[in-house]
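Chemist: Below you'll find the structure I mean.
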Amino acid sequence: MHSDTMYDAAMLEKELVAASTEPIILSLLARGESYGYELIQNVKTLSSGQLAWTDGMLYPVLHRMEDQGWIKSRWVQIGNGRKRKYYSLQKNGRTALAHKREQWSILTSVFAGLWKEQHV
Amino acid sequence: MFDLEQALAQWRRHMRGAGLHDPAALDELESHLREEIDRQIQRGVSLPDAFAQAVQTLGPTTDLQREFAKATLTRIPRWRLWKRSLLRLLGFPISIREFIQLHPGSHRLGPFRLGVTVHSARREVFRAMNGNEAAGG
């Protein structure tokens, strides 16, 4: 996910978007089962539109995460002959999420400390 | 008169033509398109415009094809990727199946362009191997 096309300019920097995509997906799925379109809308809402994925690029990431055994998918018929592919978090995904949370927590506490000092 | 089903069928043909052949992946992208079209229509956008905008939000087709190809490559065990890369470095050709998967229509290329494509396929494997550790490639 280092592709430049995953991101919109003038938003969150692409490297940050790339690094945060998997933890965000894992965190959203920790709340419950969801599908690609809903995940994208949730991210837009949560970030007030400042973190924008190029929609289609989410799907290869989801597939890769499924291959890693972090998440599992199933097709659900939603009526009118339409269907959605729902993803849910697996045990390995919870472990991965815990690890990623730990890493991001280190970073946020480092910045919190640094920026607190600067304001004293 | 705009026919959404026809437009979606045409879109699928276009995606297949660009190298995205996995029917399940296309189903999932189509499901996404339908959700986005619904949303646009609720906002008062006309059906043809809603379709065009929804397709646009998916991103460039070539990028999608590339990312899906990379995701597929990660399903190959790492030791086999290394083995293949080593063989390729020694001058062995890439397997025809993998080659066509990555570059559909490549069998119609002439010898020179075939060589170029083999080279780029090799680079894609390397990129997939090196990029996967950090945020999934």
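FYI, nothing fancy with the structure tokens labels: chains A, B, ... in order, residues from 1 per chain, ligands from 1 as they appear.
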Restrict the distance test to only C-alpha atoms, flag each residue of chain A within 10 Å of chain B, and return the flagged residues as JSON, numbers by chain.

Modeler: {"A": [1, 2, 3, 4, 5, 6, 7, 15, 17, 18, 19, 20, 21, 22, 23, 35, 36, 37, 38, 53, 54, 55, 56, 57, 58, 59, 60, 61, 62, 63, 64, 65, 67, 68, 75, 82, 83, 84, 85, 86]}

Chemist: Quick one: pull the distance between atom CA of B:Gly44 and atom CA of B:Met15, Å, one decimal.

Modeler: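 The value is 27.7 Å.
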
Chemist: Skip stretch 88-105 of chain A itself and residues of its chain fewer than 4 positions away, then list as a ChimeraX atom specification all residues within 8 Å of it, counting only C-alpha atoms.

Modeler: /A:23,26-27,29-30,32-34,69-73,109

Chemist: Which parts of stretch 27-66 of chain A does DSSP call helix (DSSP H, G or I) when run on the backbone here, written out as a PyMOL selection string?

Modeler: chain A and resi 27-30+36-46+55-66

Chemist: Could you please determine the separation between atom CA of A:Ala52 and atom CA of A:Glu13 in Å, to one decimal place?

Modeler: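 Going from atom CA of A:Ala52 over to atom CA of A:Glu13, I get 10.2 Å.
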
Chemist: So the first atom is atom CA of A:Met11 and the second is atom CA of A:Trp115; what is the distance between them in Å, to one decimal place?

Modeler: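 These atoms are spaced 21.9 Å apart.
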
Chemist: I'd like to know which residues of stretch 49-104 of chain A are strand (DSSP E or B) (by DSSP, run on the backbone); could you write them as a list in words?

Modeler: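 Across stretch 49-104 of chain A, those assigned strand (DSSP E or B) are Trp53, Ile71, Lys72, Ser73, Arg74, Trp75, Val76, Gln77, Ile78, Gly79, Arg82, Lys83, Arg84, Lys85, Tyr86, Tyr87, Ser88 and Leu89 of chain A.
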